Amino acid sequence: MSILSEIKKGKGIGVDISKKTIEVAEKNSKSLELDKRAKFLTRSLDNIHNYKFDLIVSNPPYVKTSDIKNLSDDVRKFEPKIALDGGKDGLDVIRKVIYKSKTILKKFGLLALEIGYGQHYKVSQILKEQGFREELLIKDYQDNIRCILARF
């Protein structure tokens, strides 16, 4: 919603597999008076067809399955496991987002992808192999790369 409130003539589609997440997003869009420019779909990114986007913003699950048990209680107990579990290496859903983005981004479209601590090198390789070019790296307060903006 924050992005849509900054892009005054923009329209957006929110996609999540969690019905509860979509319900919260719809409620937020109404309270921010963005509901006429926002649409929400409860489905997997794999099931997005017949759309082309200028920008895809993704905060996919990126925690290694084996690391979930080590997360702090406020994260582990608050967040649904499906929102955290990125598979064996933490990159399963990130790979899916990158691969799918190739087919749903417009030419020169931009992918903004949040990543986990220490994942930059591997994610960079996947992006490059899939024809993306890194545009911007965003670091957290501890100087770790946590977001990659890449152009297709």
# chains A, B, ... in the order shown; residues from 1 in each chain; ligands from 1
>>> select_by_dssp(residues="segment 31-66 of chain A", states="helix (DSSP H, G or I)", output="number ranges by chain")
A: 31, 45-47, 65-66
>>> write_last_selection(atoms="C-alpha atoms", output="mmCIF file, in the first residue's frame")
data_model
loop_
_atom_site.group_PDB
_atom_site.id
_atom_site.type_symbol
_atom_site.label_atom_id
_atom_site.label_comp_id
_atom_site.auth_asym_id
_atom_site.auth_seq_id
_atom_site.Cartn_x
_atom_site.Cartn_y
_atom_site.Cartn_z
ATOM 1 C CA SER A 31 -8.635 2.676 5.128
ATOM 2 C CA LEU A 45 2.430 -16.486 -8.069
ATOM 3 C CA ASP A 46 2.577 -19.571 -10.307
ATOM 4 C CA ASN A 47 -1.109 -18.976 -11.057
ATOM 5 C CA THR A 65 13.677 -24.711 6.873
ATOM 6 C CA SER A 66 16.303 -25.881 9.374
#
>>> residues_around(residues="Ile104 of chain A", least_positions_apart="3", cutoff="8 Å", atoms="only C-alpha atoms", output="NGL selection string")
:A and (49 or 51-53 or 100-101)
>>> write_last_selection(atoms="N, CA and C atoms", output="CSV table (one decimal), in the first residue's frame")
chain,number,residue,atom,x,y,z
A,49,HIS,N,-1.5,-15.2,-14.6
A,49,HIS,CA,-1.5,-15.2,-16.0
A,49,HIS,C,-2.2,-14.0,-16.6
A,51,TYR,N,-1.2,-11.0,-17.1
A,51,TYR,CA,-0.9,-9.8,-16.6
A,51,TYR,C,0.6,-9.4,-17.0
A,52,LYS,N,0.8,-8.2,-17.2
A,52,LYS,CA,2.2,-7.7,-17.4
A,52,LYS,C,2.4,-6.5,-16.4
A,53,PHE,N,3.5,-6.5,-15.8
A,53,PHE,CA,3.8,-5.5,-14.7
A,53,PHE,C,5.0,-4.6,-15.0
A,100,LYS,N,9.2,-16.6,-12.5
A,100,LYS,CA,7.9,-16.1,-12.9
A,100,LYS,C,8.0,-14.7,-13.4
A,101,SER,N,8.8,-13.9,-12.7
A,101,SER,CA,8.9,-12.5,-13.1
A,101,SER,C,9.3,-12.3,-14.5
>>> residues_around(residues="Ala112 of chain A", least_positions_apart="2", cutoff="10 Å", atoms="only C-alpha atoms", output="number ranges by chain")
A: 55-59, 110, 114-115, 134-138, 147-151
>>> closest_residue(among="A:Lys64, A:Lys69, A:Arg95, A:Arg133", to="Gly118 of chain A", atoms="only C-alpha atoms")
A:Lys64
>>> closest_residue(among="A:Arg76, A:Lys20, A:Lys30, A:Lys139", to="Gly116 of chain A", atoms="only C-alpha atoms")
A:Lys139
>>> closest_residue(among="A:Leu34, A:Ile17, A:Ala25, A:Leu84", to="Leu4 of chain A", atoms="only C-alpha atoms")
A:Leu34
>>> residues_around(residues="Asn28 of chain A", least_positions_apart="2", cutoff="12 Å", atoms="only C-alpha atoms", output="PyMOL selection string")
chain A and resi 1-2+4-5+14+21-26+30-35+38-40
>>> residues_around(residues="Ser18 of chain A", least_positions_apart="3", cutoff="10 Å", atoms="only C-alpha atoms", output="VMD selection string")
chain A and resid 15 21 to 23 41 to 44 80 82 to 83
